[in-house]
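Asker: Coordinates in protein.cif, mmCIF, C-alpha atoms, are listed below.
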data_start
#
loop_
_atom_site.label_atom_id
_atom_site.label_comp_id
_atom_site.auth_asym_id
_atom_site.auth_seq_id
_atom_site.Cartn_x
_atom_site.Cartn_y
_atom_site.Cartn_z
CA VAL A 1 -1.26 18.25 10.84
CA ASP A 2 -1.57 16.98 14.43
CA HIS A 3 -5.16 16.06 13.73
CA ASP A 4 -4.05 14.14 10.64
CA ALA A 5 -1.27 12.40 12.57
CA ALA A 6 -3.61 11.35 15.34
CA GLY A 7 -6.18 10.17 12.82
CA PHE A 8 -3.63 8.08 10.97
CA ALA A 9 -2.29 6.59 14.21
CA ASP A 10 -5.81 5.62 15.28
CA PHE A 11 -6.48 4.05 11.92
CA TYR A 12 -3.13 2.23 11.95
CA ASN A 13 -3.63 0.74 15.38
CA ARG A 14 -7.17 -0.31 14.54
CA ALA A 15 -6.57 -1.70 11.06
CA LEU A 16 -3.05 -3.12 10.99
CA ASP A 17 -3.78 -6.65 12.25
CA GLY A 18 -6.82 -7.20 10.02
CA CYS A 19 -5.10 -5.86 6.91
CA PHE A 20 -2.04 -7.97 7.61
CA ARG A 21 -4.08 -11.14 8.12
CA ALA A 22 -6.02 -10.51 4.91
CA VAL A 23 -2.81 -10.09 2.92
CA LEU A 24 -1.16 -13.07 4.64
CA ALA A 25 -4.17 -15.24 3.81
CA SER A 26 -3.96 -14.07 0.19
CA THR A 27 -0.21 -14.56 -0.25
CA GLY A 28 0.69 -17.37 2.17
CA ASP A 29 4.07 -15.71 2.74
CA ARG A 30 4.52 -13.93 6.06
CA GLN A 31 7.56 -11.91 5.04
CA ALA A 32 5.99 -10.86 1.76
CA ALA A 33 2.78 -9.93 3.60
CA GLU A 34 4.71 -7.75 6.05
CA ASP A 35 6.59 -6.06 3.21
CA LEU A 36 3.38 -5.44 1.25
CA VAL A 37 1.37 -4.16 4.22
CA ALA A 38 4.24 -1.91 5.31
CA GLU A 39 4.39 -0.49 1.79
CA ALA A 40 0.60 -0.02 1.62
CA PHE A 41 0.44 1.77 4.97
CA THR A 42 3.35 3.98 3.94
CA ARG A 43 1.43 4.98 0.83
CA ALA A 44 -1.64 5.55 3.00
CA TRP A 45 0.38 7.88 5.25
CA VAL A 46 1.65 9.86 2.24
CA ARG A 47 -1.92 10.24 0.90
CA TRP A 48 -3.70 10.26 4.24
CA ARG A 49 -5.95 13.23 3.52
CA LYS A 50 -7.35 11.41 0.53
CA VAL A 51 -7.32 7.90 2.02
CA SER A 52 -9.02 9.06 5.22
CA CYS A 53 -12.02 10.12 3.11
CA HIS A 54 -12.22 6.73 1.40
CA PRO A 55 -15.40 4.83 2.32
CA ASN A 56 -13.26 1.94 3.61
CA PRO A 57 -9.59 2.82 4.24
CA GLU A 58 -8.82 -0.76 5.31
CA ALA A 59 -9.97 -2.03 1.94
CA TRP A 60 -7.82 0.66 0.28
CA VAL A 61 -4.76 -0.62 2.16
CA VAL A 62 -5.40 -4.25 1.29
CA ARG A 63 -6.11 -3.48 -2.34
CA THR A 64 -2.92 -1.41 -2.51
CA ALA A 65 -0.94 -4.25 -0.95
CA LEU A 66 -2.35 -6.83 -3.36
CA ASN A 67 -1.78 -4.57 -6.38
CA THR A 68 1.76 -3.92 -5.19
CA ARG A 69 2.35 -7.65 -5.07
CA VAL A 70 1.50 -7.91 -8.75
CA ALA A 71 3.89 -5.05 -9.53
CA TRP A 72 6.63 -6.68 -7.46
CA TRP A 73 6.27 -10.00 -9.27
CA ARG A 74 8.51 -8.70 -11.98
CA ARG A 75 11.04 -7.39 -9.52
CA ARG A 76 11.77 -9.65 -6.58
CA ARG A 77 12.38 -7.53 -3.56
CA ARG A 78 13.32 -8.11 -0.03
CA GLU A 79 13.99 -5.55 2.64
CA VAL A 80 16.21 -7.06 5.30
CA PRO A 81 15.74 -5.88 8.87
CA LEU A 82 18.72 -5.21 11.09
CA PRO A 83 19.36 -8.04 13.57
CA GLU A 84 17.89 -6.37 16.63
CA SER A 85 14.57 -5.84 14.84
CA ILE A 86 14.10 -9.44 13.64
CA PRO A 87 11.05 -10.83 15.46
CA ASP A 88 10.51 -14.44 16.50
CA GLN A 89 8.21 -15.51 13.73
CA GLY A 90 7.45 -19.11 14.67
CA ASP A 91 6.86 -21.21 11.58
CA GLU A 92 6.92 -19.91 8.03
CA TYR A 93 3.42 -18.45 8.35
CA GLY A 94 3.79 -17.30 11.93
CA LEU A 95 1.00 -19.68 12.91
CA ASP A 96 1.14 -21.71 16.09
CA SER A 97 -0.67 -25.02 15.83
CA PRO A 98 -0.87 -27.82 13.25
CA VAL A 99 -4.58 -27.01 12.87
CA ASP A 100 -3.69 -23.43 11.97
CA ARG A 101 -1.14 -24.61 9.44
CA THR A 102 -3.72 -26.96 7.91
CA VAL A 103 -6.11 -24.04 7.51
CA MET A 104 -3.36 -22.01 5.86
CA ALA A 105 -2.55 -24.89 3.53
CA ALA A 106 -6.25 -25.22 2.68
CA LEU A 107 -6.39 -21.52 1.85
CA LEU A 108 -3.36 -21.84 -0.40
CA HIS A 109 -5.06 -24.64 -2.31
CA LEU A 110 -7.78 -22.19 -3.38
CA PRO A 111 -7.44 -20.26 -6.62
CA LEU A 112 -6.03 -16.78 -5.98
CA ARG A 113 -9.30 -14.88 -6.52
CA GLN A 114 -11.26 -17.18 -4.20
CA ARG A 115 -8.56 -16.71 -1.56
CA GLN A 116 -8.76 -12.94 -1.90
CA VAL A 117 -12.53 -12.97 -1.55
CA VAL A 118 -12.31 -15.12 1.58
CA ALA A 119 -9.62 -12.89 3.06
CA LEU A 120 -11.62 -9.70 2.54
CA ARG A 121 -14.84 -11.20 3.87
CA ILE A 122 -13.29 -12.79 6.93
CA PHE A 123 -10.60 -10.35 8.01
CA LEU A 124 -12.08 -7.03 6.89
CA ASP A 125 -15.75 -7.98 7.27
CA LEU A 126 -16.46 -6.53 3.85
CA ASP A 127 -19.88 -7.22 2.38
CA THR A 128 -20.38 -8.47 -1.16
CA ALA A 129 -20.52 -4.98 -2.68
CA GLY A 130 -17.40 -3.82 -0.81
CA THR A 131 -15.48 -6.95 -1.77
CA ALA A 132 -16.52 -6.57 -5.39
CA GLU A 133 -15.43 -2.94 -5.49
CA THR A 134 -12.11 -3.66 -3.80
CA LEU A 135 -11.22 -6.47 -6.19
CA GLY A 136 -12.74 -4.84 -9.25
CA ILE A 137 -15.09 -7.73 -10.01
CA ALA A 138 -18.88 -8.14 -10.19
CA PRO A 139 -20.88 -8.78 -7.00
CA GLY A 140 -22.23 -12.00 -8.49
CA THR A 141 -18.67 -13.19 -9.07
CA VAL A 142 -17.88 -12.51 -5.42
CA THR A 143 -20.83 -14.61 -4.33
CA ALA A 144 -19.82 -17.48 -6.60
CA HIS A 145 -16.16 -17.35 -5.50
CA LEU A 146 -17.14 -17.28 -1.84
CA ALA A 147 -19.50 -20.24 -2.15
CA ARG A 148 -16.88 -22.34 -3.95
CA ALA A 149 -14.17 -21.32 -1.51
CA ILE A 150 -16.23 -22.16 1.58
CA ALA A 151 -17.17 -25.53 0.08
CA ALA A 152 -13.53 -26.33 -0.63
CA LEU A 153 -12.39 -25.18 2.81
CA ARG A 154 -15.12 -27.23 4.48
CA LYS A 155 -13.75 -30.42 2.89
CA GLU A 156 -10.29 -29.79 4.29
CA ILE A 157 -11.28 -28.33 7.65
CA SER A 158 -14.03 -30.81 8.55
CA PRO A 159 -11.66 -33.73 9.23
CA ILE A 160 -9.77 -31.54 11.69
CA ALA A 161 -12.95 -30.42 13.43
CA ASP A 162 -14.13 -34.03 13.67
CA LYS A 163 -10.94 -34.98 15.53
CA GLU A 164 -11.26 -32.19 18.08
CA PRO A 165 -12.61 -33.36 21.47
CA ARG A 166 -16.26 -32.60 22.00
CA LEU A 167 -17.51 -31.45 25.39
CA VAL B 168 -19.53 -28.00 9.74
CA ASN B 169 -21.64 -25.15 8.42
CA ASP B 170 -20.48 -21.99 6.63
CA ASP B 171 -20.21 -19.94 9.81
CA GLU B 172 -18.06 -22.60 11.45
CA VAL B 173 -15.71 -22.66 8.47
CA ILE B 174 -15.37 -18.88 8.61
CA THR B 175 -14.81 -18.99 12.37
CA ALA B 176 -12.14 -21.68 12.00
CA VAL B 177 -10.23 -19.60 9.47
CA ARG B 178 -10.59 -16.42 11.51
CA GLU B 179 -9.44 -18.08 14.73
CA SER B 180 -6.45 -19.66 13.02
CA PHE B 181 -5.09 -16.19 12.37
CA ALA B 182 -6.12 -14.64 15.68
CA LYS B 183 -2.64 -14.68 17.18
CA VAL B 184 -0.80 -13.60 14.06
CA ARG B 185 0.44 -10.05 14.28
CA PRO B 186 2.85 -8.16 12.05
CA ASP B 187 5.93 -6.47 13.38
CA ILE B 188 5.54 -3.12 11.68
CA PRO B 189 5.84 -0.27 14.19
CA LEU B 190 3.84 2.88 13.49
CA GLU B 191 7.00 4.96 13.87
CA GLN B 192 8.68 3.03 11.06
CA THR B 193 5.74 3.61 8.73
CA VAL B 194 5.62 7.33 9.52
CA ARG B 195 9.39 7.64 9.03
CA ARG B 196 9.21 5.92 5.66
CA GLY B 197 6.27 8.11 4.67
CA ARG B 198 8.12 11.29 5.60
CA ALA B 199 11.21 10.17 3.69
CA ARG B 200 9.13 9.37 0.64
CA ARG B 201 7.25 12.64 0.75
CA ALA B 202 10.55 14.52 1.06
CA ARG B 203 11.98 12.59 -1.86
CA HIS B 204 8.96 13.38 -4.01
CA ARG B 205 9.37 17.06 -3.20
CA ALA B 206 13.10 16.94 -3.94
CA TYR B 207 12.41 15.17 -7.22
CA GLY B 208 9.81 17.73 -8.18
CA ALA B 209 12.17 20.58 -7.37
CA ALA B 210 14.96 18.99 -9.38
CA CYS B 211 12.69 18.51 -12.36
CA ALA B 212 11.46 22.08 -12.17
CA ALA B 213 15.01 23.37 -12.14
CA GLY B 214 15.97 21.13 -15.01
CA THR B 215 18.95 19.72 -13.15
CA ALA B 216 20.20 16.31 -12.15
CA VAL B 217 20.17 17.09 -8.46
CA LEU B 218 18.50 13.84 -7.53
CA ALA B 219 21.05 11.73 -9.37
CA GLY B 220 23.80 13.50 -7.46
CA VAL B 221 22.09 12.92 -4.14
CA THR B 222 21.62 9.25 -4.99
CA ALA B 223 25.24 8.77 -6.03
CA ALA B 224 26.50 10.44 -2.88
CA ALA B 225 24.33 8.35 -0.64
CA VAL B 226 25.23 4.97 -2.09
CA VAL B 227 28.19 4.19 0.13
CA VAL B 228 26.52 2.63 3.12
CA ASN B 229 28.15 0.31 5.61
CA LEU B 230 25.69 -2.53 6.06
CA GLY B 231 27.55 -4.59 8.58
CA GLY B 232 29.31 -2.04 10.70
CA ALA B 233 32.01 -4.55 11.56
CA ALA B 234 33.70 -4.96 8.21
CA PRO B 235 36.16 -2.13 7.53
CA ALA B 236 35.65 -0.09 4.39
CA THR B 237 38.56 -0.31 2.01
CA SER B 238 38.50 0.09 -1.73
CA GLY B 239 36.59 -1.62 -4.47
CA THR B 240 39.73 -3.31 -5.73
CA SER B 241 39.41 -7.07 -6.07
CA SER B 242 41.93 -9.27 -4.27
CA PRO B 243 41.51 -12.84 -5.48
CA SER B 244 41.95 -15.40 -2.76
CA GLY B 245 42.78 -18.28 -5.05
CA GLY B 246 40.73 -21.00 -6.71
CA ASN B 247 37.44 -19.90 -8.11
CA SER B 248 36.56 -17.31 -5.51
CA ALA B 249 37.30 -13.62 -5.18
CA LYS B 250 37.07 -11.60 -1.98
CA LEU B 251 36.61 -8.00 -1.02
CA THR B 252 35.94 -6.51 2.35
CA ALA B 253 32.72 -5.08 0.94
CA TRP B 254 31.50 -8.29 -0.64
CA THR B 255 32.50 -11.87 -1.30
CA VAL B 256 31.70 -14.16 -4.20
CA ALA B 257 32.30 -17.89 -3.88
CA THR B 258 31.25 -20.73 -6.16
CA GLY B 259 29.79 -23.73 -4.40
CA PRO B 260 28.75 -27.21 -5.40
CA GLY B 261 25.98 -27.66 -7.94
CA GLY B 262 26.66 -24.42 -9.75
CA THR B 263 25.56 -22.16 -6.91
CA VAL B 264 27.28 -18.81 -6.61
CA ASP B 265 27.17 -17.40 -3.08
CA VAL B 266 27.29 -13.62 -2.81
CA THR B 267 27.77 -11.93 0.55
CA ILE B 268 27.45 -8.14 0.58
CA ARG B 269 28.54 -6.18 3.63
CA GLN B 270 29.03 -2.74 2.12
CA LEU B 271 27.62 -1.03 -0.93
CA LEU B 272 31.00 -0.50 -2.58
CA ASP B 273 32.31 -1.31 -6.06
CA PRO B 274 29.26 -2.65 -7.89
CA ALA B 275 31.27 -2.81 -11.11
CA GLY B 276 33.74 -5.19 -9.44
CA LEU B 277 30.94 -7.42 -8.23
CA GLU B 278 29.41 -7.35 -11.70
CA ARG B 279 32.73 -8.38 -13.29
CA THR B 280 33.20 -11.19 -10.77
CA LEU B 281 29.72 -12.59 -11.35
CA ARG B 282 30.22 -12.48 -15.10
CA ALA B 283 33.57 -14.26 -14.71
CA ASP B 284 31.74 -16.94 -12.73
CA GLY B 285 29.36 -17.45 -15.62
CA ILE B 286 26.40 -15.33 -14.52
CA PRO B 287 25.24 -12.74 -17.05
CA ALA B 288 24.72 -9.92 -14.56
CA ASN B 289 24.23 -6.19 -14.26
CA VAL B 290 24.72 -4.89 -10.71
CA ALA B 291 23.74 -1.59 -9.13
CA PHE B 292 24.12 -0.28 -5.58
CA GLN B 293 21.82 2.60 -4.72
CA SER B 294 20.11 4.43 -1.92
CA GLY B 295 16.43 4.14 -1.05
CA GLU B 296 13.94 1.36 -0.51
CA PRO B 297 13.38 -1.63 -2.78
CA SER B 298 9.82 -0.50 -3.42
CA VAL B 299 10.85 2.87 -4.85
CA SER B 300 14.08 1.94 -6.58
CA PRO B 301 14.55 3.34 -10.08
CA PRO B 302 13.53 1.44 -13.20
CA LEU B 303 15.90 -0.77 -15.18
CA PRO B 304 18.95 0.95 -16.64
CA PRO B 305 18.40 1.97 -20.26
CA GLU B 306 20.82 -0.63 -21.61
CA CYS B 307 18.72 -3.47 -20.12
CA GLN B 308 15.39 -4.86 -21.29
CA GLN B 309 12.86 -7.03 -19.50
CA VAL B 310 12.52 -10.56 -20.80
CA ALA B 311 9.29 -11.41 -22.63
CA MET B 312 7.33 -13.88 -20.52
CA SER B 313 4.24 -13.91 -18.36
CA ASP B 314 4.40 -12.41 -14.87
CA GLU B 315 3.84 -15.81 -13.32
CA ALA B 316 6.54 -17.54 -15.38
CA ASN B 317 8.85 -14.65 -14.59
CA ALA B 318 8.21 -14.96 -10.85
CA ASN B 319 8.66 -18.73 -10.92
CA LEU B 320 11.96 -18.51 -12.78
CA GLN B 321 13.23 -15.83 -10.39
CA ALA B 322 12.37 -18.07 -7.47
CA LYS B 323 14.45 -20.87 -9.02
CA ILE B 324 17.42 -18.63 -9.75
CA LEU B 325 17.43 -16.81 -6.44
CA PRO B 326 15.33 -18.20 -3.58
CA PHE B 327 14.53 -15.70 -0.85
CA PRO B 328 17.44 -16.05 1.56
CA PRO B 329 17.14 -16.10 5.35
CA ASN B 330 17.71 -12.92 7.27
CA VAL B 331 21.26 -13.01 8.57
CA GLY B 332 21.44 -9.48 9.88
CA LYS B 333 24.99 -8.36 9.28
CA ALA B 334 25.09 -8.87 5.54
CA ILE B 335 23.04 -9.64 2.46
CA VAL B 336 23.62 -13.28 1.53
CA LEU B 337 22.38 -14.45 -1.85
CA ALA B 338 22.75 -17.90 -3.39
CA ILE B 339 22.39 -17.60 -7.15
CA ARG B 340 21.79 -20.86 -9.02
CA ARG B 341 23.79 -20.39 -12.16
CA SER B 342 22.69 -23.69 -13.70
CA VAL B 343 19.00 -22.75 -13.90
CA ILE B 344 19.51 -19.46 -15.75
CA PRO B 345 18.24 -20.15 -19.29
CA GLU B 346 20.21 -19.23 -22.39
CA GLY B 347 19.57 -15.65 -23.42
CA ILE B 348 18.54 -14.46 -19.95
CA GLY B 349 20.58 -12.46 -17.45
CA ILE B 350 19.93 -10.85 -14.08
CA TYR B 351 19.79 -7.26 -12.94
CA LEU B 352 20.64 -7.16 -9.24
CA ALA B 353 19.96 -3.89 -7.41
CA VAL B 354 20.97 -3.60 -3.77
CA GLU B 355 19.48 -0.71 -1.84
CA SER B 356 20.50 0.92 1.41
CA GLY B 357 16.91 0.52 2.62
CA SER B 358 14.64 2.70 4.67
CA SER B 359 16.56 4.82 7.17
CA ASP B 360 17.85 2.76 10.08
CA THR B 361 15.61 -0.27 9.78
CA GLY B 362 17.44 -2.32 7.20
CA TRP B 363 18.40 -2.64 3.58
CA GLY B 364 17.06 -4.44 0.56
CA TRP B 365 17.67 -5.96 -2.81
CA GLY B 366 15.74 -6.44 -6.00
CA LEU B 367 16.11 -8.85 -8.89
CA ASP B 368 14.94 -8.48 -12.47
CA LEU B 369 15.25 -10.94 -15.32
CA VAL B 370 16.69 -9.17 -18.34
CA LYS B 371 17.74 -10.06 -21.86
CA ASP B 372 21.33 -11.28 -21.93
CA THR B 373 22.91 -8.69 -24.22
CA PRO B 374 26.47 -7.34 -24.40
CA ALA B 375 25.29 -3.87 -23.41
CA CYS B 376 23.39 -5.04 -20.32
CA THR B 377 25.01 -8.18 -18.96
CA GLY B 378 28.37 -8.32 -20.71
#
Step by step, read the file and then write its structure as structure tokens.

Answerer:
Amino acid sequence: VDHDAAGFADFYNRALDGCFRAVLASTGDRQAAEDLVAEAFTRAWVRWRKVSCHPNPEAWVVRTALNTRVAWWRRRRREVPLPESIPDQGDEYGLDSPVDRTVMAALLHLPLRQRQVVALRIFLDLDTAGTAETLGIAPGTVTAHLARAIAALRKEISPIADKEPRL
Amino acid sequence: VNDDEVITAVRESFAKVRPDIPLEQTVRRGRARRARHRAYGAACAAGTAVLAGVTAAAVVVNLGGAAPATSGTSSPSGGNSAKLTAWTVATGPGGTVDVTIRQLLDPAGLERTLRADGIPANVAFQSGEPSVSPPLPPECQQVAMSDEANANLQAKILPFPPNVGKAIVLAIRRSVIPEGIGIYLAVESGSSDTGWGWGLDLVKDTPACTG
């Protein structure tokens, strides 16, 4: 049991930020992303012996979070923290700069599946096969979604990059 | 800007974003859920309603701590509002009905008050987390519409409220609830000491479910 607990803690500390960012990029809603990731990690803890043997536990967590979001669509839910545990969350996404918010807005302009592919590739470093397996789609579809998504993001991000001072 | 630069820009935009989900909270929720699964399994094996009894006994939770617990008896304060120490319902401009819940007491009274204010509602107070709350009561049925339309309509009826800490504050827009549709509002005591929660379902407006 101690071994399991230590293993889960290691995994949690290593994977939490990346999983959260992937889900945030997919949903565009910081509070929802925190709720979903908390729920997914709770389920991972309950099934840790099984999840720890998964080829990519991070992908399991993100897939669980995204599937949970679909299930929650029909039942709006919000868990409200007690006042002392409410963090300072900055803007609605928890992002700092206008550039960051522009990137978030550009992500949200993408169709949902393209956004999910981008999130898994960028924040979990999943390859095409891993992304395809996680989302339950064909590898060729992943490649097509990624190409379209990058092209769309480039159009919106390029004007920002052009305005940044060059050294 | 090449592909790698686009990917780097997106990655760096999120570099400072971190969730506030302590490991201890996740482990505590996991333990509670595992214990509940075991209790449920034991209750099923024994053929009893032990779990229902545990749930009913655990429902009375003081959310605010400051508001004193009294009874679930309504004491109208005049006009078109009704007040309780546990919760308050007040109608505002534009057909908005503001609900403030401080204690999980007297769901039937809240349900009656909402219906009197023109909202076809079914209300439940229960223990547990929003994510593991029980399914709809048997007298209620989901409305027939796509998941996306359902989510969009819910967002119009009840936008996610800000966190106010000492109470659950909900602003229900009565005027956007279509004919034939009601709401099932479940308020949960939440996960241990970290907070509480609520859930909303759109249901068919029938006498058995929403009055």

Asker: With distances taken over all atoms listed in the file, which residue among A:Arg47, A:Arg63, A:Arg154, A:Arg14 lies nearest chain B?

Answerer: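 Smallest separation from chain B among the options: A:Arg154.
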
Asker: On this structure, which residues satisfy the PyMOL selection byres ((chain B and resi 168) around 12), written as a list in words?

Answerer: Ile150, Ala151, Leu153, Arg154, Lys155, Glu156, Ile157, Ser158, Pro159, Ile160, Ala161 and Asp162 of chain A; Asn169, Asp170, Asp171, Glu172, Val173, Ile174, Thr175 and Ala176 of chain B

Asker: Can I get the selected residues back with C-alpha atoms, as a PDB file, keeping the file's coordinate frame?

Answerer:
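This went into selection16.pdb:
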ATOM      1  CA  ILE A 150     -16.230 -22.160   1.580  1.00  0.00           C
ATOM      2  CA  ALA A 151     -17.170 -25.530   0.080  1.00  0.00           C
ATOM      3  CA  LEU A 153     -12.390 -25.180   2.810  1.00  0.00           C
ATOM      4  CA  ARG A 154     -15.120 -27.230   4.480  1.00  0.00           C
ATOM      5  CA  LYS A 155     -13.750 -30.420   2.890  1.00  0.00           C
ATOM      6  CA  GLU A 156     -10.290 -29.790   4.290  1.00  0.00           C
ATOM      7  CA  ILE A 157     -11.280 -28.330   7.650  1.00  0.00           C
ATOM      8  CA  SER A 158     -14.030 -30.810   8.550  1.00  0.00           C
ATOM      9  CA  PRO A 159     -11.660 -33.730   9.230  1.00  0.00           C
ATOM     10  CA  ILE A 160      -9.770 -31.540  11.690  1.00  0.00           C
ATOM     11  CA  ALA A 161     -12.950 -30.420  13.430  1.00  0.00           C
ATOM     12  CA  ASP A 162     -14.130 -34.030  13.670  1.00  0.00           C
TER      13      ASP A 162
ATOM     14  CA  ASN B 169     -21.640 -25.150   8.420  1.00  0.00           C
ATOM     15  CA  ASP B 170     -20.480 -21.990   6.630  1.00  0.00           C
ATOM     16  CA  ASP B 171     -20.210 -19.940   9.810  1.00  0.00           C
ATOM     17  CA  GLU B 172     -18.060 -22.600  11.450  1.00  0.00           C
ATOM     18  CA  VAL B 173     -15.710 -22.660   8.470  1.00  0.00           C
ATOM     19  CA  ILE B 174     -15.370 -18.880   8.610  1.00  0.00           C
ATOM     20  CA  THR B 175     -14.810 -18.990  12.370  1.00  0.00           C
ATOM     21  CA  ALA B 176     -12.140 -21.680  12.000  1.00  0.00           C
TER      22      ALA B 176
END

Asker: Return as a ChimeraX atom specification the set of residues that the PyMOL selection byres ((chain B and resi 283) around 12) yields on the displayed structure.

Answerer: /B:247-249,256-258,264,276-282,284-288,341,377-378

Asker: Counting all atoms listed in the file, what is within 12 Å of Lys50 (chain A), bar same-chain residues fewer than 6 positions away, as a ChimeraX atom specification?

Answerer: /A:4,8,43-44,56-57,60

Asker: If the PyMOL selection byres ((chain B and resi 194) around 10) is run on the structure shown, which residues does it catch, given as a ChimeraX atom specification?

Answerer: /A:5,8-9,41-46 /B:189-193,195-200

Asker: Pick out the residues sitting within 9 Å of Arg115 (chain A), and hand them over as a list in words; count all atoms listed in the file, and ignore anything fewer than 3 positions along from it in its own chain.

Answerer: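 So the residues in contact are Ala25, Ser26, Thr27, Leu107, Leu108, His109, Leu110, Pro111, Leu112, Val118, Ala119, Leu120, His145, Leu146 and Ala149 of chain A.
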
Asker: Given the selection you just returned, output its residues as a file containing C-alpha atoms, formatted as a PDB file, in the coordinates of the input.

Answerer:
ATOM      1  CA  ALA A  25      -4.170 -15.240   3.810  1.00  0.00           C
ATOM      2  CA  SER A  26      -3.960 -14.070   0.190  1.00  0.00           C
ATOM      3  CA  THR A  27      -0.210 -14.560  -0.250  1.00  0.00           C
ATOM      4  CA  LEU A 107      -6.390 -21.520   1.850  1.00  0.00           C
ATOM      5  CA  LEU A 108      -3.360 -21.840  -0.400  1.00  0.00           C
ATOM      6  CA  HIS A 109      -5.060 -24.640  -2.310  1.00  0.00           C
ATOM      7  CA  LEU A 110      -7.780 -22.190  -3.380  1.00  0.00           C
ATOM      8  CA  PRO A 111      -7.440 -20.260  -6.620  1.00  0.00           C
ATOM      9  CA  LEU A 112      -6.030 -16.780  -5.980  1.00  0.00           C
ATOM     10  CA  VAL A 118     -12.310 -15.120   1.580  1.00  0.00           C
ATOM     11  CA  ALA A 119      -9.620 -12.890   3.060  1.00  0.00           C
ATOM     12  CA  LEU A 120     -11.620  -9.700   2.540  1.00  0.00           C
ATOM     13  CA  HIS A 145     -16.160 -17.350  -5.500  1.00  0.00           C
ATOM     14  CA  LEU A 146     -17.140 -17.280  -1.840  1.00  0.00           C
ATOM     15  CA  ALA A 149     -14.170 -21.320  -1.510  1.00  0.00           C
TER      16      ALA A 149
END

Asker: Set the distance at 10 Å and use only C-alpha atoms: which residues neighbour Leu337 (chain B) once local chain neighbours fewer than 3 positions away are removed? I'd like the list as a PyMOL selection string.

Answerer: chain B and resi 256+263-268+325-329+334+340+365

Asker: Would you mind telling me which residue in A:Gly28, A:Gly136, A:Pro55, A:Gly130 lies nearest to chain B when using all atoms listed in the file?

Answerer: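 Checking each candidate against chain B, we get A:Gly28 as the closest.
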
Asker: When you draw a straight line from CA of Val117 (chain A) to CA of Ala132 (chain A), how long is it in Å?

Answerer: 8.5 Å

Asker: So, counting all atoms listed in the file, which residue among B:Val310, B:Ala275, B:Ala322, B:Val343 is closest to Leu369 (chain B)?

Answerer: B:Val310

Asker: Determine the nearest neighbour of chain A from the options B:Asp368, B:Asp273, B:Glu179, B:Glu355, counting only C-alpha atoms.

Answerer: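 For chain A, the nearest of the candidates is B:Asp368.
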
Asker: Using all atoms listed in the file, which residue out of A:Ser52, A:Val61, A:Gly7, A:Met104 lies closest to chain B?

Answerer: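 Among the listed residues, the smallest separation from chain B belongs to A:Met104.
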
Asker: Calculated over only C-alpha atoms, which of the candidates B:Val336, B:Val177, B:Ile350, B:Ile344 has the smallest distance to chain A?

Answerer: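 The shortest atom-to-atom distance to chain A comes from B:Val177.
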
Asker: Just how far from CA of Gly18 (chain A) is CA of Leu66 (chain A), in Å to one decimal?

Answerer: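 These atoms are spaced 14.1 Å apart.
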
Asker: For CA of Leu272 (chain B) and CA of Pro260 (chain B), determine how far apart the two atoms are, in Å to one decimal place.

Answerer: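 We find that CA of Leu272 (chain B) and CA of Pro260 (chain B) lie 27.0 Å from each other.
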
Asker: What box, with edges along x, y and z, holds each listed atom of region 136-143 of chain A when 3 Å is added on every side, and can you state its centre and edge lengths in Å to one decimal, as JSON?

Answerer:
{"center_x": -17.5, "center_y": -9.7, "center_z": -7.3, "size_x": 15.5, "size_y": 15.8, "size_z": 11.9}
